[in-house]
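Only one structure is covered here, and it is reproduced in the block below.
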Amino acid sequence: MIFQRAARREFAHSTAGVFTALFAIMVTTQLIRLLNEAAQGSVDAGAVAALLGFAALNYLPPLLSLSLFVAILLSLSRSYRDSEMVVWFSSGLSLTAWMRPVLTFALPLVVTIAALSLFLSPWALSQSAEFRGKLSNRKDAGQVAPGRFQESSSGDRVIFVEGVADDTSHVRNVFVNELQPDRLGVTMAGTGHQEIADNGDRFIVLQDGRRYELEPGTAKFRILEYARYAVRLETKEARGIERTPKNMPLVELLQVDLPVYRAELLWRLGMPLSAIVLVLLAIPLAFVNPRAGRSANMLLAILVYVLYNNLLTISEGWVASGRLSFAVGLLAAHLLMLFLLPLMFYHRIAVSSFRRLSR
C-alpha cells in the first residue's frame, strides 16, 4: 500500500507537470493564431479570450491522453535509472505487477477524457461556431466604431457610418456600397436605424437619402431619391449555426447513420480507449539501461505514439469514406496495439531475467 501511494503520487506530479507544459504550448499557439485573425479584422479583439477558452476545451482530451502516457513513461524510466527496478525484480515481482497501480491512477483520468471527448469538446466547438456567427452578425449590422469602412462577411457590401448612437440602434451619415452581378449601387443617407423582422432577418433602414446605380461597362446610371430604404443583412444568427459532425451533441450524432458521422463517433470513442492502451504500453516502453543512453526508450515511445495516432486517423478516414465498417474501424487499431502489448511485456521480462541470470 505504501508503494502504491508513492507511485500514484509520483504519477500525479509527473502528469501535472507534463500537462502544464503541453497546455501552455497549446494556449500560446492558439493565442498567436487568434491574435493574427484579430489583426486582420476577421475576429473582434474582445472575442479572443472567449475563443481561446473554447479552443482549450476542445484540445483537452488529446492533451490529457498524451500527458498521461508521458507521465507514466517518465516515472517508470526514473525507477530504472535509479535502480529501483532492480529491487522490484529482486523481491520476486514482475513487470506486469505495475499494471495495477498504473491503471488505478489512470482510470479516473480516462473517465474524464471520455466525458470531455464525448460531450464537452463538441459543446465547445458548437459554442465557438455560434460565437463567431454572432460576431459576424454584429459586423454585418455595422456595430463598429464610427469613422471606419466595414466590409460585410460575404464581401459584397461596404458600410461607413459617421456617427453611432450610444445604444447602437441609430446611425448618422451612412454610406453603403453594394456590388451585385449586374450593377454597382451606392447608397447615402443622413440617418438610419436597425430593424429585425419577424423571421429573424435584420435590416438597416436608411431615411431621406439618395441611391446611385451604375451598370458596369456602360454609361447608364440611375439616381433615386427615397424617404425610406431598407438594406437586408445576412443573419446567420437567425439560421442558427451550421451543424457539422464535430460540433454535434452525442445524442444527435448517434441518430445519423452516415459514414462521416460514424467516423466522428469513432474518433470520440477512440480517445479514452487509446488512453488506456497507451498507459499500458508505457510500462514496457519505459525500460532504460542505466549504463546506456537515456533517450533510446523515449524515441521508441514517440514512434509508438505516432504510429498509434496515425492508425486512428487512417481508421477514421476509411470509415468516413465508406471503405471500412464502423465496428472494424473502432476495434482494429486498438486490438493491434493490444496484440503488441503482451509481446512487449514478454520481451522486456525475458531480457531482464537473462541479465539477472548472467550476473
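Residue numbering restarts at 1 for every chain of the C-alpha cells, chains are lettered A, B, ... in their displayed order, and ligands are numbered from 1 as they appear.
The shell of residues at most 9 Å from Pro216 in chain A, with only C-alpha atoms counted and near chain neighbours (fewer than 6 positions) removed, consists of Asp182, Arg183 and Leu184 of chain A.
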Quick one: which range 250-347 of chain A residues come within 9 Å of range 87-96 of chain A, and what is the nearest atom pair for each with the distance in Å to one decimal, counting only C-alpha atoms, rows ordered by chain and ascending number, as JSON lines?
{"residue": "A:Ile283", "atom": "CA", "partner": "A:Leu95", "partner_atom": "CA", "distance": 7.7}
{"residue": "A:Pro284", "atom": "CA", "partner": "A:Leu95", "partner_atom": "CA", "distance": 7.7}
{"residue": "A:Phe345", "atom": "CA", "partner": "A:Thr96", "partner_atom": "CA", "distance": 7.4}
- Task: Identify which of the residues A:Ala301, A:Leu254, A:Leu60, A:Leu265 lies closest to Leu116 in chain A, counting only C-alpha atoms when measuring atom-to-atom distances.
- Result: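 Nearest candidate to Leu116 in chain A out of A:Ala301, A:Leu254, A:Leu60, A:Leu265: A:Leu60.
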- Among the residues A:Ala282, A:Leu74, A:Ala45, A:Val260, the one that comes closest to Met99 in chain A [using only C-alpha atoms]: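 Residue with the minimum atom-to-atom distance to Met99 in chain A: A:Ala282.
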Range 51-155 of chain A residues near range 20-27 of chain A within 9 Å, closest pair each, using only C-alpha atoms, as CSV:
residue,atom,partner,partner_atom,distance
A:Leu52,CA,A:Val27,CA,7.3
A:Gly53,CA,A:Val27,CA,8.9
A:Ala55,CA,A:Val27,CA,8.4
A:Ala56,CA,A:Val27,CA,6.9
A:Tyr59,CA,A:Met26,CA,8.1
A:Leu60,CA,A:Phe23,CA,8.2
A:Leu63,CA,A:Leu22,CA,6.8
A:Leu66,CA,A:Leu22,CA,8.9
A:Ser67,CA,A:Leu22,CA,7.7
Those residues you just picked out, can you put them in a file as a PDB file, in the first residue's frame with N, CA and C atoms?
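And here is the file that came out, selection.pdb:
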ATOM      1  N   LEU A  52     -10.394  31.551 -27.261  1.00  0.00           N
ATOM      2  CA  LEU A  52      -9.258  30.799 -26.727  1.00  0.00           C
ATOM      3  C   LEU A  52      -9.732  29.769 -25.700  1.00  0.00           C
ATOM      4  N   GLY A  53     -10.712  30.150 -24.886  1.00  0.00           N
ATOM      5  CA  GLY A  53     -11.261  29.201 -23.920  1.00  0.00           C
ATOM      6  C   GLY A  53     -11.947  28.025 -24.590  1.00  0.00           C
ATOM      7  N   ALA A  55     -11.296  26.850 -27.583  1.00  0.00           N
ATOM      8  CA  ALA A  55     -10.256  26.028 -28.206  1.00  0.00           C
ATOM      9  C   ALA A  55      -9.540  25.165 -27.174  1.00  0.00           C
ATOM     10  N   ALA A  56      -9.314  25.721 -25.981  1.00  0.00           N
ATOM     11  CA  ALA A  56      -8.654  24.953 -24.927  1.00  0.00           C
ATOM     12  C   ALA A  56      -9.498  23.761 -24.502  1.00  0.00           C
ATOM     13  N   TYR A  59      -9.194  20.932 -27.057  1.00  0.00           N
ATOM     14  CA  TYR A  59      -7.922  20.214 -27.102  1.00  0.00           C
ATOM     15  C   TYR A  59      -7.612  19.455 -25.809  1.00  0.00           C
ATOM     16  N   LEU A  60      -8.459  19.541 -24.808  1.00  0.00           N
ATOM     17  CA  LEU A  60      -8.178  18.871 -23.540  1.00  0.00           C
ATOM     18  C   LEU A  60      -8.057  17.352 -23.665  1.00  0.00           C
ATOM     19  N   LEU A  63      -4.656  16.261 -25.086  1.00  0.00           N
ATOM     20  CA  LEU A  63      -3.600  16.720 -24.190  1.00  0.00           C
ATOM     21  C   LEU A  63      -3.533  15.858 -22.933  1.00  0.00           C
ATOM     22  N   LEU A  66      -2.069  12.350 -23.896  1.00  0.00           N
ATOM     23  CA  LEU A  66      -0.619  12.407 -24.098  1.00  0.00           C
ATOM     24  C   LEU A  66       0.113  12.655 -22.785  1.00  0.00           C
ATOM     25  N   SER A  67      -0.440  13.516 -21.935  1.00  0.00           N
ATOM     26  CA  SER A  67       0.189  13.794 -20.635  1.00  0.00           C
ATOM     27  C   SER A  67       0.257  12.541 -19.778  1.00  0.00           C
TER      28      SER A  67
END
- Would you please give, as a PyMOL selection string, all residues of range 169-291 of chain A that DSSP assigns to strand (DSSP E or B) based on the backbone? chain A and resi 170-179+184-196+202-214+221-233
Saved selection, atoms kept: C-alpha atoms, as an mmCIF file, in the first residue's frame:
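Generated file (result_33.cif):
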data_model
loop_
_atom_site.group_PDB
_atom_site.id
_atom_site.type_symbol
_atom_site.label_atom_id
_atom_site.label_comp_id
_atom_site.auth_asym_id
_atom_site.auth_seq_id
_atom_site.Cartn_x
_atom_site.Cartn_y
_atom_site.Cartn_z
ATOM 1 C CA HIS A 170 -29.377 54.576 -34.769
ATOM 2 C CA VAL A 171 -26.625 55.746 -37.102
ATOM 3 C CA ARG A 172 -25.846 59.050 -38.769
ATOM 4 C CA ASN A 173 -24.464 59.916 -42.224
ATOM 5 C CA VAL A 174 -24.410 56.424 -43.738
ATOM 6 C CA PHE A 175 -22.596 55.313 -46.896
ATOM 7 C CA VAL A 176 -23.318 51.843 -48.369
ATOM 8 C CA ASN A 177 -21.511 50.425 -51.384
ATOM 9 C CA GLU A 178 -23.092 47.240 -52.807
ATOM 10 C CA LEU A 179 -21.597 45.102 -55.578
ATOM 11 C CA LEU A 184 -22.977 48.651 -58.674
ATOM 12 C CA GLY A 185 -25.043 50.554 -56.131
ATOM 13 C CA VAL A 186 -24.005 53.428 -53.869
ATOM 14 C CA THR A 187 -26.490 54.491 -51.212
ATOM 15 C CA MET A 188 -26.191 57.529 -48.943
ATOM 16 C CA ALA A 189 -28.453 58.715 -46.145
ATOM 17 C CA GLY A 190 -28.407 61.250 -43.353
ATOM 18 C CA THR A 191 -29.876 58.913 -40.729
ATOM 19 C CA GLY A 192 -30.747 55.251 -40.283
ATOM 20 C CA HIS A 193 -31.686 52.601 -37.765
ATOM 21 C CA GLN A 194 -31.830 48.816 -37.396
ATOM 22 C CA GLU A 195 -34.936 46.656 -37.593
ATOM 23 C CA ILE A 196 -35.425 42.916 -37.082
ATOM 24 C CA ARG A 202 -32.067 42.002 -39.882
ATOM 25 C CA PHE A 203 -32.279 45.251 -41.877
ATOM 26 C CA ILE A 204 -30.608 48.629 -41.845
ATOM 27 C CA VAL A 205 -33.332 51.155 -42.673
ATOM 28 C CA LEU A 206 -31.999 54.367 -44.214
ATOM 29 C CA GLN A 207 -34.064 57.582 -44.270
ATOM 30 C CA ASP A 208 -34.102 60.636 -46.541
ATOM 31 C CA GLY A 209 -31.249 59.636 -48.824
ATOM 32 C CA ARG A 210 -30.141 59.071 -52.382
ATOM 33 C CA ARG A 211 -29.031 55.964 -54.293
ATOM 34 C CA TYR A 212 -26.842 55.770 -57.407
ATOM 35 C CA GLU A 213 -26.919 52.644 -59.600
ATOM 36 C CA LEU A 214 -24.358 52.021 -62.342
ATOM 37 C CA PHE A 221 -26.795 55.035 -64.393
ATOM 38 C CA ARG A 222 -29.808 55.932 -62.276
ATOM 39 C CA ILE A 223 -30.298 58.338 -59.404
ATOM 40 C CA LEU A 224 -33.046 57.501 -56.911
ATOM 41 C CA GLU A 225 -34.230 59.641 -54.041
ATOM 42 C CA TYR A 226 -36.079 57.922 -51.247
ATOM 43 C CA ALA A 227 -37.660 58.575 -47.891
ATOM 44 C CA ARG A 228 -37.068 55.060 -46.610
ATOM 45 C CA TYR A 229 -34.713 52.379 -47.944
ATOM 46 C CA ALA A 230 -34.067 49.007 -46.253
ATOM 47 C CA VAL A 231 -30.825 47.090 -46.746
ATOM 48 C CA ARG A 232 -31.228 43.426 -45.846
ATOM 49 C CA LEU A 233 -28.337 41.842 -43.979
#
- Can you work out the spacing between CA of Ala124 in chain A and CA of Phe54 in chain A in Å, to one decimal? 5.0 Å
- Task: Work out how far apart CA of Pro122 in chain A and CA of Asn58 in chain A are and give it in Å to one decimal.
- Result: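 Taking CA of Pro122 in chain A as the start and CA of Asn58 in chain A as the end point, the length is 7.4 Å.
Take the candidates A:Val70, A:Val256, A:Leu281, A:Ala333 and check each one against Gly17 in chain A using only C-alpha atoms; the shortest distance goes to A:Val70.
Take CA of Pro146 in chain A and CA of Leu51 in chain A: the distance between them is 25.3 Å.
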- Proximity to Ala320 in chain A - best of A:Trp267, A:Phe69, A:Phe131, A:Trp98, only C-alpha atoms: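 Looking at the shortest contact to Ala320 in chain A, the residue is A:Trp267.
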Taking the backbone alone, and naming residues the way the document does, which bits of range 248-344 of chain A are alpha helix (DSSP H) by DSSP, as a PDB file with C-alpha atoms, in the first residue's frame?
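Printed below is part-v6.pdb as written:
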ATOM      1  CA  LEU A 250     -23.619  12.854 -28.910  1.00  0.00           C
ATOM      2  CA  VAL A 251     -27.376  12.162 -28.913  1.00  0.00           C
ATOM      3  CA  GLU A 252     -27.830  13.750 -32.351  1.00  0.00           C
ATOM      4  CA  LEU A 253     -24.674  12.101 -33.676  1.00  0.00           C
ATOM      5  CA  LEU A 254     -25.944   8.634 -32.777  1.00  0.00           C
ATOM      6  CA  PRO A 259     -20.144   7.291 -42.818  1.00  0.00           C
ATOM      7  CA  VAL A 260     -18.918  10.795 -41.925  1.00  0.00           C
ATOM      8  CA  TYR A 261     -20.919  10.840 -38.694  1.00  0.00           C
ATOM      9  CA  ARG A 262     -19.851   7.280 -37.826  1.00  0.00           C
ATOM     10  CA  ALA A 263     -16.231   8.365 -38.315  1.00  0.00           C
ATOM     11  CA  GLU A 264     -16.663  11.231 -35.862  1.00  0.00           C
ATOM     12  CA  LEU A 265     -18.205   8.835 -33.318  1.00  0.00           C
ATOM     13  CA  LEU A 266     -15.248   6.503 -33.847  1.00  0.00           C
ATOM     14  CA  TRP A 267     -12.826   9.330 -33.052  1.00  0.00           C
ATOM     15  CA  ARG A 268     -14.663  10.327 -29.878  1.00  0.00           C
ATOM     16  CA  LEU A 269     -14.802   6.755 -28.589  1.00  0.00           C
ATOM     17  CA  GLY A 270     -11.195   6.176 -29.619  1.00  0.00           C
ATOM     18  CA  MET A 271      -9.859   8.875 -27.299  1.00  0.00           C
ATOM     19  CA  PRO A 272     -10.498   7.109 -23.963  1.00  0.00           C
ATOM     20  CA  LEU A 273      -9.745   3.677 -25.450  1.00  0.00           C
ATOM     21  CA  SER A 274      -6.377   4.833 -26.759  1.00  0.00           C
ATOM     22  CA  ALA A 275      -5.590   6.459 -23.402  1.00  0.00           C
ATOM     23  CA  ILE A 276      -5.974   3.093 -21.636  1.00  0.00           C
ATOM     24  CA  VAL A 277      -3.847   1.277 -24.197  1.00  0.00           C
ATOM     25  CA  LEU A 278      -1.144   3.962 -24.106  1.00  0.00           C
ATOM     26  CA  VAL A 279      -0.669   3.821 -20.337  1.00  0.00           C
ATOM     27  CA  LEU A 280      -0.258   0.040 -20.564  1.00  0.00           C
ATOM     28  CA  LEU A 281       2.233   0.417 -23.413  1.00  0.00           C
ATOM     29  CA  ALA A 282       4.213   2.900 -21.329  1.00  0.00           C
ATOM     30  CA  ILE A 283       5.142   0.164 -18.825  1.00  0.00           C
ATOM     31  CA  PRO A 284       7.342  -1.953 -21.135  1.00  0.00           C
ATOM     32  CA  LEU A 285       8.430   1.094 -23.135  1.00  0.00           C
ATOM     33  CA  ALA A 296      16.504   5.418 -26.724  1.00  0.00           C
ATOM     34  CA  ASN A 297      13.305   4.436 -24.929  1.00  0.00           C
ATOM     35  CA  MET A 298      11.813   7.905 -25.436  1.00  0.00           C
ATOM     36  CA  LEU A 299      12.432   7.734 -29.175  1.00  0.00           C
ATOM     37  CA  LEU A 300      10.752   4.321 -29.305  1.00  0.00           C
ATOM     38  CA  ALA A 301       7.824   5.595 -27.222  1.00  0.00           C
ATOM     39  CA  ILE A 302       7.371   8.594 -29.528  1.00  0.00           C
ATOM     40  CA  LEU A 303       7.440   6.257 -32.537  1.00  0.00           C
ATOM     41  CA  VAL A 304       4.768   4.016 -30.963  1.00  0.00           C
ATOM     42  CA  TYR A 305       2.593   7.035 -30.099  1.00  0.00           C
ATOM     43  CA  VAL A 306       2.840   8.487 -33.620  1.00  0.00           C
ATOM     44  CA  LEU A 307       2.113   5.071 -35.159  1.00  0.00           C
ATOM     45  CA  TYR A 308      -0.921   4.592 -32.908  1.00  0.00           C
ATOM     46  CA  ASN A 309      -2.267   8.078 -33.605  1.00  0.00           C
ATOM     47  CA  ASN A 310      -1.801   7.615 -37.365  1.00  0.00           C
ATOM     48  CA  LEU A 311      -3.667   4.300 -37.236  1.00  0.00           C
ATOM     49  CA  LEU A 312      -6.590   6.038 -35.537  1.00  0.00           C
ATOM     50  CA  THR A 313      -6.548   8.810 -38.147  1.00  0.00           C
ATOM     51  CA  ILE A 314      -6.431   6.311 -41.020  1.00  0.00           C
ATOM     52  CA  SER A 315      -9.293   4.316 -39.490  1.00  0.00           C
ATOM     53  CA  GLU A 316     -11.366   7.476 -39.173  1.00  0.00           C
ATOM     54  CA  GLY A 317     -10.671   8.423 -42.789  1.00  0.00           C
ATOM     55  CA  TRP A 318     -11.542   4.978 -44.101  1.00  0.00           C
ATOM     56  CA  VAL A 319     -14.781   4.877 -42.117  1.00  0.00           C
ATOM     57  CA  ALA A 320     -15.689   8.361 -43.380  1.00  0.00           C
ATOM     58  CA  SER A 321     -15.103   7.279 -46.987  1.00  0.00           C
ATOM     59  CA  PHE A 326     -17.631   1.282 -38.084  1.00  0.00           C
ATOM     60  CA  ALA A 327     -17.039  -1.813 -35.907  1.00  0.00           C
ATOM     61  CA  VAL A 328     -13.806  -2.752 -37.689  1.00  0.00           C
ATOM     62  CA  GLY A 329     -12.555   0.827 -37.682  1.00  0.00           C
ATOM     63  CA  LEU A 330     -13.271   1.188 -33.976  1.00  0.00           C
ATOM     64  CA  LEU A 331     -11.505  -2.008 -32.906  1.00  0.00           C
ATOM     65  CA  ALA A 332      -8.744  -2.585 -35.474  1.00  0.00           C
ATOM     66  CA  ALA A 333      -6.128  -0.085 -34.251  1.00  0.00           C
ATOM     67  CA  HIS A 334      -6.736  -0.770 -30.550  1.00  0.00           C
ATOM     68  CA  LEU A 335      -6.650  -4.546 -30.968  1.00  0.00           C
ATOM     69  CA  LEU A 336      -3.432  -4.296 -32.970  1.00  0.00           C
ATOM     70  CA  MET A 337      -1.717  -2.355 -30.200  1.00  0.00           C
ATOM     71  CA  LEU A 338      -3.161  -4.682 -27.557  1.00  0.00           C
ATOM     72  CA  PHE A 339      -1.741  -7.616 -29.515  1.00  0.00           C
ATOM     73  CA  LEU A 340       1.708  -5.981 -29.367  1.00  0.00           C
ATOM     74  CA  LEU A 341       1.370  -5.323 -25.636  1.00  0.00           C
ATOM     75  CA  PRO A 342       1.969  -8.925 -24.345  1.00  0.00           C
ATOM     76  CA  LEU A 343       4.809  -9.325 -26.844  1.00  0.00           C
ATOM     77  CA  MET A 344       6.493  -6.213 -25.459  1.00  0.00           C
TER      78      MET A 344
END
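Comparing A:Leu76, A:Leu324, A:Ala6, A:Ala49 by their smallest distance to Ala286 in chain A, the closest is A:Leu76 (using only C-alpha atoms).
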